[in-house]
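Novice: Mind having a look at this structure? Questions to follow.
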Amino acid sequence: MIESFIRNGKRKIIIDLSDQLSNATREFEPNAHKIIYKDHKDSITVTEKYLGLDKSYWPDEEGWAVEEVTLSTHSYTHIDAPYHYGSTSNGKPAKTIEQIPLNWCYGDGVLINMTYKQAGEGISIDDLQQELQRMNYSIKPYDIILIYTGTSKHFHQPGYEYLHPGLTASATEWLIDQGVKLIGIDAWGLDRPFNVTAKEAKEGKSQFWEAHIVGRRKEYCQIEKLCNLDKILKPCGFTVCAFPINIANASAGWSRVVAIFDEIN
């Protein structure tokens, strides 16, 4: 989760902000996944069949280990591309994940504490601005914004996808207008939970999936299912690295997201 080491006279601290993929949660994950583990003995059957190499050719009668994973691009910690929100963005074909500029995914991190917000509540422009004022920080273009809700502590519990607050459309648009290209959250989604937003949409009170749909007008990406935001040492003054897996024509890609701190030794 946290690594600290000295390199070239500087102490570096790396904090893993990614969820762990395992079969422990597969029964209740909204986006299904499955991991099949094949151990060192299993592979000998393969080499014997295709190469004629039985266990006598392997030291300790052990071959290689392999895993087979069935996984949605929106399972695990991942980055949504603009194509996820709609076929176009700002009147042009929406970028798929392999088209995202990598410089959007590496930059100064800004942690915005929204842990006081309750499940289903919207995070507004005022909420963001008040926290930034408290931090004495002004957002710069290409800052990577991390919305800290505390919901990740429930990721191994059924129903966690209903426990978070989420950004309103206006708050999402305001961040984009500051030059932000990547917004992350430690929850199942950037929007408020479906049980709240679907009900409101049916009652004519709000646009369903409002924060995501902003991306149809103004191009941005988001990281969903972040973890360990409570371990981040300070709200700014650190680097975020969040490169997505390169998948052709995909609406999202998994990412091993980390926060990096440099300290003089």
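Ordering of the structure tokens sets the chain letters (A, B, ...); residue numbers start at 1 within each chain; ligands are numbered from 1 in the order shown.
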Leaving out Pro93 of chain A and any residue of its chain fewer than 2 positions from it, which residues lie within 12 Å of it when counting only C-alpha atoms, given as an mmCIF file with N, CA and C atoms, in the first residue's frame?

Specialist:
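Resulting contents of result-v2.cif:
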```cif
data_model
loop_
_atom_site.group_PDB
_atom_site.id
_atom_site.type_symbol
_atom_site.label_atom_id
_atom_site.label_comp_id
_atom_site.auth_asym_id
_atom_site.auth_seq_id
_atom_site.Cartn_x
_atom_site.Cartn_y
_atom_site.Cartn_z
ATOM 1 N N ALA A 81 -12.890 6.659 -20.581
ATOM 2 C CA ALA A 81 -12.612 7.541 -21.710
ATOM 3 C C ALA A 81 -13.876 8.307 -22.096
ATOM 4 N N PRO A 82 -13.746 9.420 -22.816
ATOM 5 C CA PRO A 82 -14.931 10.162 -23.241
ATOM 6 C C PRO A 82 -15.936 9.315 -24.036
ATOM 7 N N TYR A 83 -15.471 8.292 -24.724
ATOM 8 C CA TYR A 83 -16.359 7.428 -25.495
ATOM 9 C C TYR A 83 -17.358 6.696 -24.591
ATOM 10 N N HIS A 84 -17.017 6.522 -23.328
ATOM 11 C CA HIS A 84 -17.931 5.886 -22.390
ATOM 12 C C HIS A 84 -19.196 6.723 -22.204
ATOM 13 N N TYR A 85 -19.048 8.040 -22.271
ATOM 14 C CA TYR A 85 -20.171 8.937 -21.986
ATOM 15 C C TYR A 85 -21.100 9.112 -23.185
ATOM 16 N N GLY A 86 -20.594 8.895 -24.382
ATOM 17 C CA GLY A 86 -21.373 9.069 -25.597
ATOM 18 C C GLY A 86 -20.476 8.946 -26.817
ATOM 19 N N SER A 87 -21.065 8.871 -27.995
ATOM 20 C CA SER A 87 -20.283 8.659 -29.217
ATOM 21 C C SER A 87 -19.514 9.904 -29.641
ATOM 22 N N THR A 88 -19.958 11.085 -29.182
ATOM 23 C CA THR A 88 -19.253 12.318 -29.524
ATOM 24 C C THR A 88 -18.944 13.121 -28.265
ATOM 25 N N SER A 89 -17.930 13.963 -28.384
ATOM 26 C CA SER A 89 -17.571 14.888 -27.314
ATOM 27 C C SER A 89 -17.217 16.224 -27.957
ATOM 28 N N ASN A 90 -17.935 17.261 -27.564
ATOM 29 C CA ASN A 90 -17.731 18.598 -28.126
ATOM 30 C C ASN A 90 -17.852 18.572 -29.648
ATOM 31 N N GLY A 91 -18.803 17.784 -30.149
ATOM 32 C CA GLY A 91 -19.083 17.765 -31.577
ATOM 33 C C GLY A 91 -18.140 16.928 -32.422
ATOM 34 N N LYS A 95 -13.052 10.279 -27.847
ATOM 35 C CA LYS A 95 -11.829 9.484 -27.736
ATOM 36 C C LYS A 95 -12.102 8.170 -26.995
ATOM 37 N N THR A 96 -11.556 7.095 -27.514
ATOM 38 C CA THR A 96 -11.526 5.832 -26.797
ATOM 39 C C THR A 96 -10.252 5.781 -25.963
ATOM 40 N N GLN A 99 -6.752 6.371 -27.221
ATOM 41 C CA GLN A 99 -6.530 7.691 -27.820
ATOM 42 C C GLN A 99 -6.290 8.782 -26.786
ATOM 43 N N GLY A 215 -19.376 15.044 -20.201
ATOM 44 C CA GLY A 215 -18.304 14.680 -21.125
ATOM 45 C C GLY A 215 -18.721 14.631 -22.578
ATOM 46 N N ARG A 216 -20.017 14.659 -22.855
ATOM 47 C CA ARG A 216 -20.476 14.740 -24.246
ATOM 48 C C ARG A 216 -20.280 16.146 -24.809
ATOM 49 N N ARG A 217 -20.213 17.127 -23.899
ATOM 50 C CA ARG A 217 -20.016 18.520 -24.318
ATOM 51 C C ARG A 217 -18.587 18.991 -24.107
ATOM 52 N N GLU A 219 -14.706 17.622 -22.999
ATOM 53 C CA GLU A 219 -13.911 16.403 -22.950
ATOM 54 C C GLU A 219 -13.158 16.260 -21.624
ATOM 55 N N ASN A 249 -10.127 0.599 -29.100
ATOM 56 C CA ASN A 249 -11.534 0.999 -29.248
ATOM 57 C C ASN A 249 -12.368 0.824 -27.980
#
```

Novice: As a PyMOL selection string, please: every residue in segment 81-119 of chain A that DSSP puts in strand (DSSP E).

Specialist: chain A and resi 88-89+92-93+106-113

Novice: Hey, what's within 9 Å of Leu111 of chain A if we count only C-alpha atoms and toss same-chain stuff fewer than 2 positions away? As an MDAnalysis selection string, please?

Specialist: chainID A and resid 109 113 144:148 229 232 234:236

Novice: Mind running segment 165-262 of chain A against segment 10-18 of chain A at 6 Å and telling me each contacting residue's nearest atom pair with the distance in Å (one decimal), counting only C-alpha atoms, chain and number ascending, as a tab-separated table?

Specialist:
```
residue	atom	partner	partner_atom	distance
A:Leu226	CA	A:Ser18	CA	5.3
A:Cys227	CA	A:Leu17	CA	4.7
A:Asn228	CA	A:Leu17	CA	5.4
A:Arg256	CA	A:Ser18	CA	5.6
A:Val257	CA	A:Leu17	CA	5.3
A:Val258	CA	A:Asp16	CA	4.7
A:Ala259	CA	A:Ile15	CA	5.1
A:Ile260	CA	A:Ile14	CA	4.7
A:Phe261	CA	A:Ile13	CA	5.0
A:Asp262	CA	A:Lys12	CA	4.8
```

Novice: Nearest to Pro193 of chain A: which of A:Thr151, A:Asn8, A:Gln157, A:Gln222 is it, counting only C-alpha atoms?

Specialist: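 Closest residue, counting only C-alpha atoms: A:Thr151.
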
Novice: Among segment 78-221 of chain A, which residues carry a DSSP assignment of alpha helix (DSSP H), reported as number ranges by chain?

Specialist: A: 82-85, 125-135, 169-177, 194-202, 210-214

Novice: So which residues touch Thr47 of chain A within 12 Å, counting only C-alpha atoms, skipping near sequence neighbours fewer than 5 positions away, as a list in words?

Specialist: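 Those residues are His40, Lys41, Asp42, Gly52, Leu53, Asp54, Lys55, Ser56, Tyr57, Trp58, Glu61, Glu62, Gly63 and Trp64 of chain A.
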
Novice: Extract, using only C-alpha atoms, all DNA, RNA and protein residues at most 10 Å from Thr197 of chain A, discarding same-chain residues fewer than 5 positions from it, and format them as a short mmCIF file (atom, residue, chain, number, x, y, z; two decimals) with N, CA, C and O atoms, in the first residue's frame.

Specialist:
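After the write, around-v3.cif holds the following:
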```cif
data_model
loop_
_atom_site.label_atom_id
_atom_site.label_comp_id
_atom_site.auth_asym_id
_atom_site.auth_seq_id
_atom_site.Cartn_x
_atom_site.Cartn_y
_atom_site.Cartn_z
N GLY A 120 -25.58 9.46 -1.54
CA GLY A 120 -26.63 10.00 -2.38
C GLY A 120 -26.61 11.51 -2.54
O GLY A 120 -27.32 12.04 -3.39
N ASP A 191 -20.79 9.87 -10.55
CA ASP A 191 -22.14 10.37 -10.29
C ASP A 191 -22.65 9.84 -8.95
O ASP A 191 -22.10 8.89 -8.38
N ARG A 192 -23.73 10.41 -8.49
CA ARG A 192 -24.42 9.87 -7.33
C ARG A 192 -24.96 8.47 -7.65
O ARG A 192 -25.10 8.12 -8.82
N LYS A 202 -36.87 9.68 -13.08
CA LYS A 202 -38.26 9.29 -13.33
C LYS A 202 -39.24 10.35 -12.83
O LYS A 202 -40.35 10.49 -13.38
N GLU A 203 -38.83 11.09 -11.80
CA GLU A 203 -39.67 12.15 -11.25
C GLU A 203 -39.47 13.49 -11.95
O GLU A 203 -40.10 14.49 -11.60
N LYS A 205 -36.72 15.31 -11.89
CA LYS A 205 -35.97 16.24 -11.04
C LYS A 205 -34.54 16.49 -11.52
O LYS A 205 -33.97 17.54 -11.22
N SER A 206 -33.96 15.55 -12.22
CA SER A 206 -32.57 15.70 -12.64
C SER A 206 -32.28 14.82 -13.84
O SER A 206 -33.03 13.90 -14.15
N GLN A 207 -31.16 15.14 -14.50
CA GLN A 207 -30.70 14.34 -15.62
C GLN A 207 -29.97 13.11 -15.10
O GLN A 207 -29.04 13.21 -14.30
N PHE A 208 -30.41 11.94 -15.51
CA PHE A 208 -29.72 10.71 -15.12
C PHE A 208 -28.30 10.73 -15.67
O PHE A 208 -28.06 11.14 -16.80
N TRP A 209 -27.34 10.28 -14.82
CA TRP A 209 -25.92 10.16 -15.22
C TRP A 209 -25.33 11.53 -15.56
O TRP A 209 -24.53 11.67 -16.47
N GLU A 210 -25.73 12.53 -14.80
CA GLU A 210 -25.45 13.92 -15.17
C GLU A 210 -23.97 14.26 -15.26
O GLU A 210 -23.56 14.99 -16.19
#
```

Novice: Would you mind telling me which residue in A:Ala242, A:Gly189, A:Gln130, A:Val66 lies nearest to Val46 of chain A when using only C-alpha atoms?

Specialist: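 Among the listed residues, A:Val66 lies closest to Val46 of chain A.
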
Novice: Find, counting only C-alpha atoms, the residue in A:Leu102, A:Ser255, A:Gly159, A:Lys49 that gets nearest to Glu27 of chain A.

Specialist: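 Selected residue with least distance to Glu27 of chain A: A:Gly159.
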
Novice: Might you pull out every residue within 10 Å of Gly253 of chain A, with only C-alpha atoms counted and same-chain residues fewer than 5 positions away left off, and present them as a list in words?

Specialist: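 Within the cut-off, the hits are Ser72, Thr73, His74, Ser75, Tyr76, Thr77, His78, Ile79, Asp80, Ala81, Thr96, Ile97, Glu98, Ile223, Phe243, Pro244, Ile245, Asn246, Ile247 and Ala248 of chain A.
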
Novice: If you keep C-alpha atoms, can you produce a file of those selected residues as a PDB file, in the first residue's frame?

Specialist:
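Saved as selection09.pdb:
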```pdb
ATOM      1  CA  SER A  72     -15.244  -5.758 -17.642  1.00  0.00           C
ATOM      2  CA  THR A  73     -13.207  -2.676 -18.519  1.00  0.00           C
ATOM      3  CA  HIS A  74     -15.292  -0.950 -15.833  1.00  0.00           C
ATOM      4  CA  SER A  75     -14.365  -3.384 -13.087  1.00  0.00           C
ATOM      5  CA  TYR A  76     -11.410  -2.715 -10.771  1.00  0.00           C
ATOM      6  CA  THR A  77      -9.786   0.727 -10.622  1.00  0.00           C
ATOM      7  CA  HIS A  78     -10.159   2.116 -14.135  1.00  0.00           C
ATOM      8  CA  ILE A  79     -10.195   5.247 -16.261  1.00  0.00           C
ATOM      9  CA  ASP A  80     -13.291   6.128 -18.263  1.00  0.00           C
ATOM     10  CA  ALA A  81     -12.612   7.541 -21.710  1.00  0.00           C
ATOM     11  CA  THR A  96     -11.526   5.832 -26.797  1.00  0.00           C
ATOM     12  CA  ILE A  97      -9.074   4.796 -24.102  1.00  0.00           C
ATOM     13  CA  GLU A  98      -6.090   4.172 -26.396  1.00  0.00           C
ATOM     14  CA  ILE A 223     -10.923   7.449 -12.486  1.00  0.00           C
ATOM     15  CA  PHE A 243      -1.817   5.371 -17.073  1.00  0.00           C
ATOM     16  CA  PRO A 244      -4.625   3.195 -18.489  1.00  0.00           C
ATOM     17  CA  ILE A 245      -4.113  -0.165 -20.176  1.00  0.00           C
ATOM     18  CA  ASN A 246      -3.957   0.188 -23.966  1.00  0.00           C
ATOM     19  CA  ILE A 247      -7.132  -1.517 -25.279  1.00  0.00           C
ATOM     20  CA  ALA A 248      -8.258  -0.898 -28.860  1.00  0.00           C
TER      21      ALA A 248
END
```

Novice: What's around Ile125 of chain A at 12 Å? Count only C-alpha atoms, leave out sequence neighbours fewer than 5 positions away in its own chain, and write the answer as a VMD selection string.

Specialist: chain A and resid 130 to 132 166 to 178

Novice: Could you turn the residues from that selection into a file that holds all heavy atoms, as a CSV table (one decimal), in the first residue's frame?

Specialist:
```csv
chain,number,residue,atom,x,y,z
A,130,GLN,N,-15.2,25.8,-1.4
A,130,GLN,CA,-15.0,26.0,0.0
A,130,GLN,C,-13.8,25.1,0.5
A,130,GLN,O,-13.0,25.6,1.3
A,130,GLN,CB,-16.2,25.6,0.8
A,130,GLN,CG,-17.4,26.6,0.6
A,130,GLN,CD,-18.6,26.2,1.3
A,130,GLN,OE1,-18.7,25.3,2.1
A,130,GLN,NE2,-19.7,26.9,1.0
A,131,GLU,N,-13.7,23.9,0.0
A,131,GLU,CA,-12.6,23.0,0.4
A,131,GLU,C,-11.3,23.6,-0.2
A,131,GLU,O,-10.2,23.6,0.5
A,131,GLU,CB,-12.8,21.6,0.0
A,131,GLU,CG,-11.7,20.6,0.3
A,131,GLU,CD,-11.5,20.5,1.8
A,131,GLU,OE1,-12.3,21.0,2.6
A,131,GLU,OE2,-10.4,19.9,2.2
A,132,LEU,N,-11.3,24.0,-1.4
A,132,LEU,CA,-10.1,24.6,-2.0
A,132,LEU,C,-9.6,25.9,-1.3
A,132,LEU,O,-8.4,26.1,-1.1
A,132,LEU,CB,-10.3,24.9,-3.5
A,132,LEU,CG,-10.4,23.7,-4.4
A,132,LEU,CD1,-11.0,24.0,-5.7
A,132,LEU,CD2,-9.0,23.0,-4.6
A,166,GLY,N,-21.8,12.0,-5.0
A,166,GLY,CA,-21.2,12.1,-6.3
A,166,GLY,C,-21.2,13.6,-6.8
A,166,GLY,O,-22.0,14.4,-6.3
A,167,LEU,N,-20.4,13.8,-7.8
A,167,LEU,CA,-20.4,15.2,-8.4
A,167,LEU,C,-21.7,15.5,-9.1
A,167,LEU,O,-22.2,14.7,-9.8
A,167,LEU,CB,-19.2,15.3,-9.3
A,167,LEU,CG,-17.8,15.4,-8.8
A,167,LEU,CD1,-16.8,15.6,-9.9
A,167,LEU,CD2,-17.7,16.6,-7.8
A,168,THR,N,-22.1,16.7,-9.0
A,168,THR,CA,-23.2,17.2,-9.8
A,168,THR,C,-22.6,17.6,-11.2
A,168,THR,O,-21.4,17.7,-11.4
A,168,THR,CB,-23.8,18.5,-9.2
A,168,THR,OG1,-22.8,19.5,-9.1
A,168,THR,CG2,-24.4,18.2,-7.9
A,169,ALA,N,-23.5,17.8,-12.2
A,169,ALA,CA,-23.1,18.2,-13.5
A,169,ALA,C,-22.3,19.5,-13.5
A,169,ALA,O,-21.3,19.7,-14.1
A,169,ALA,CB,-24.3,18.3,-14.4
A,170,SER,N,-22.9,20.5,-12.7
A,170,SER,CA,-22.2,21.8,-12.7
A,170,SER,C,-20.9,21.7,-12.0
A,170,SER,O,-19.9,22.5,-12.5
A,170,SER,CB,-23.1,22.8,-11.9
A,170,SER,OG,-23.4,22.3,-10.6
A,171,ALA,N,-20.7,20.9,-11.0
A,171,ALA,CA,-19.4,20.8,-10.4
A,171,ALA,C,-18.4,20.2,-11.3
A,171,ALA,O,-17.2,20.6,-11.4
A,171,ALA,CB,-19.5,20.0,-9.1
A,172,THR,N,-18.8,19.1,-12.0
A,172,THR,CA,-17.9,18.5,-13.0
A,172,THR,C,-17.5,19.5,-14.1
A,172,THR,O,-16.3,19.6,-14.4
A,172,THR,CB,-18.7,17.3,-13.6
A,172,THR,OG1,-19.1,16.4,-12.6
A,172,THR,CG2,-17.8,16.5,-14.6
A,173,GLU,N,-18.5,20.2,-14.6
A,173,GLU,CA,-18.2,21.2,-15.6
A,173,GLU,C,-17.2,22.3,-15.1
A,173,GLU,O,-16.3,22.7,-15.8
A,173,GLU,CB,-19.5,21.8,-16.2
A,173,GLU,CG,-19.3,22.7,-17.4
A,173,GLU,CD,-20.5,23.0,-18.1
A,173,GLU,OE1,-21.6,22.6,-17.6
A,173,GLU,OE2,-20.5,23.7,-19.2
A,174,TRP,N,-17.4,22.7,-13.9
A,174,TRP,CA,-16.5,23.7,-13.3
A,174,TRP,C,-15.1,23.2,-13.3
A,174,TRP,O,-14.2,24.0,-13.6
A,174,TRP,CB,-17.0,24.1,-11.9
A,174,TRP,CG,-16.2,25.2,-11.3
A,174,TRP,CD1,-16.3,26.5,-11.6
A,174,TRP,CD2,-15.2,25.0,-10.3
A,174,TRP,NE1,-15.3,27.2,-10.8
A,174,TRP,CE2,-14.6,26.3,-10.1
A,174,TRP,CE3,-14.6,23.9,-9.7
A,174,TRP,CZ2,-13.6,26.5,-9.2
A,174,TRP,CZ3,-13.6,24.1,-8.8
A,174,TRP,CH2,-13.1,25.4,-8.5
A,175,LEU,N,-14.9,22.0,-12.8
A,175,LEU,CA,-13.5,21.4,-12.8
A,175,LEU,C,-12.9,21.4,-14.2
A,175,LEU,O,-11.7,21.8,-14.4
A,175,LEU,CB,-13.5,20.0,-12.2
A,175,LEU,CG,-13.8,20.0,-10.7
A,175,LEU,CD1,-14.0,18.5,-10.3
A,175,LEU,CD2,-12.6,20.6,-9.9
A,176,ILE,N,-13.7,21.0,-15.2
A,176,ILE,CA,-13.2,20.9,-16.6
A,176,ILE,C,-12.8,22.3,-17.0
A,176,ILE,O,-11.8,22.5,-17.7
A,176,ILE,CB,-14.2,20.3,-17.5
A,176,ILE,CG1,-14.5,18.8,-17.1
A,176,ILE,CG2,-13.8,20.3,-18.9
A,176,ILE,CD1,-15.8,18.2,-17.7
A,177,ASP,N,-13.6,23.3,-16.7
A,177,ASP,CA,-13.4,24.7,-17.1
A,177,ASP,C,-12.1,25.3,-16.4
A,177,ASP,O,-11.6,26.3,-16.9
A,177,ASP,CB,-14.6,25.6,-16.7
A,177,ASP,CG,-15.8,25.3,-17.6
A,177,ASP,OD1,-15.6,24.7,-18.7
A,177,ASP,OD2,-16.9,25.8,-17.3
A,178,GLN,N,-11.6,24.7,-15.4
A,178,GLN,CA,-10.4,25.1,-14.8
A,178,GLN,C,-9.2,24.5,-15.5
A,178,GLN,O,-8.0,24.7,-15.1
A,178,GLN,CB,-10.3,24.7,-13.3
A,178,GLN,CG,-11.5,25.1,-12.4
A,178,GLN,CD,-11.9,26.5,-12.7
A,178,GLN,OE1,-11.2,27.5,-12.5
A,178,GLN,NE2,-13.2,26.7,-13.1
```

Novice: Taking only C-alpha atoms into account, which of A:Ala252, A:Ala187, A:Ile2, A:Val196 comes nearest Glu224 of chain A?

Specialist: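 Closest residue, counting only C-alpha atoms: A:Ala187.
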
Novice: Using atom CA of Ser152 of chain A and atom CA of Gln20 of chain A as the two end points, give the distance in Å to one decimal.

Specialist: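 It comes out at 11.2 Å.
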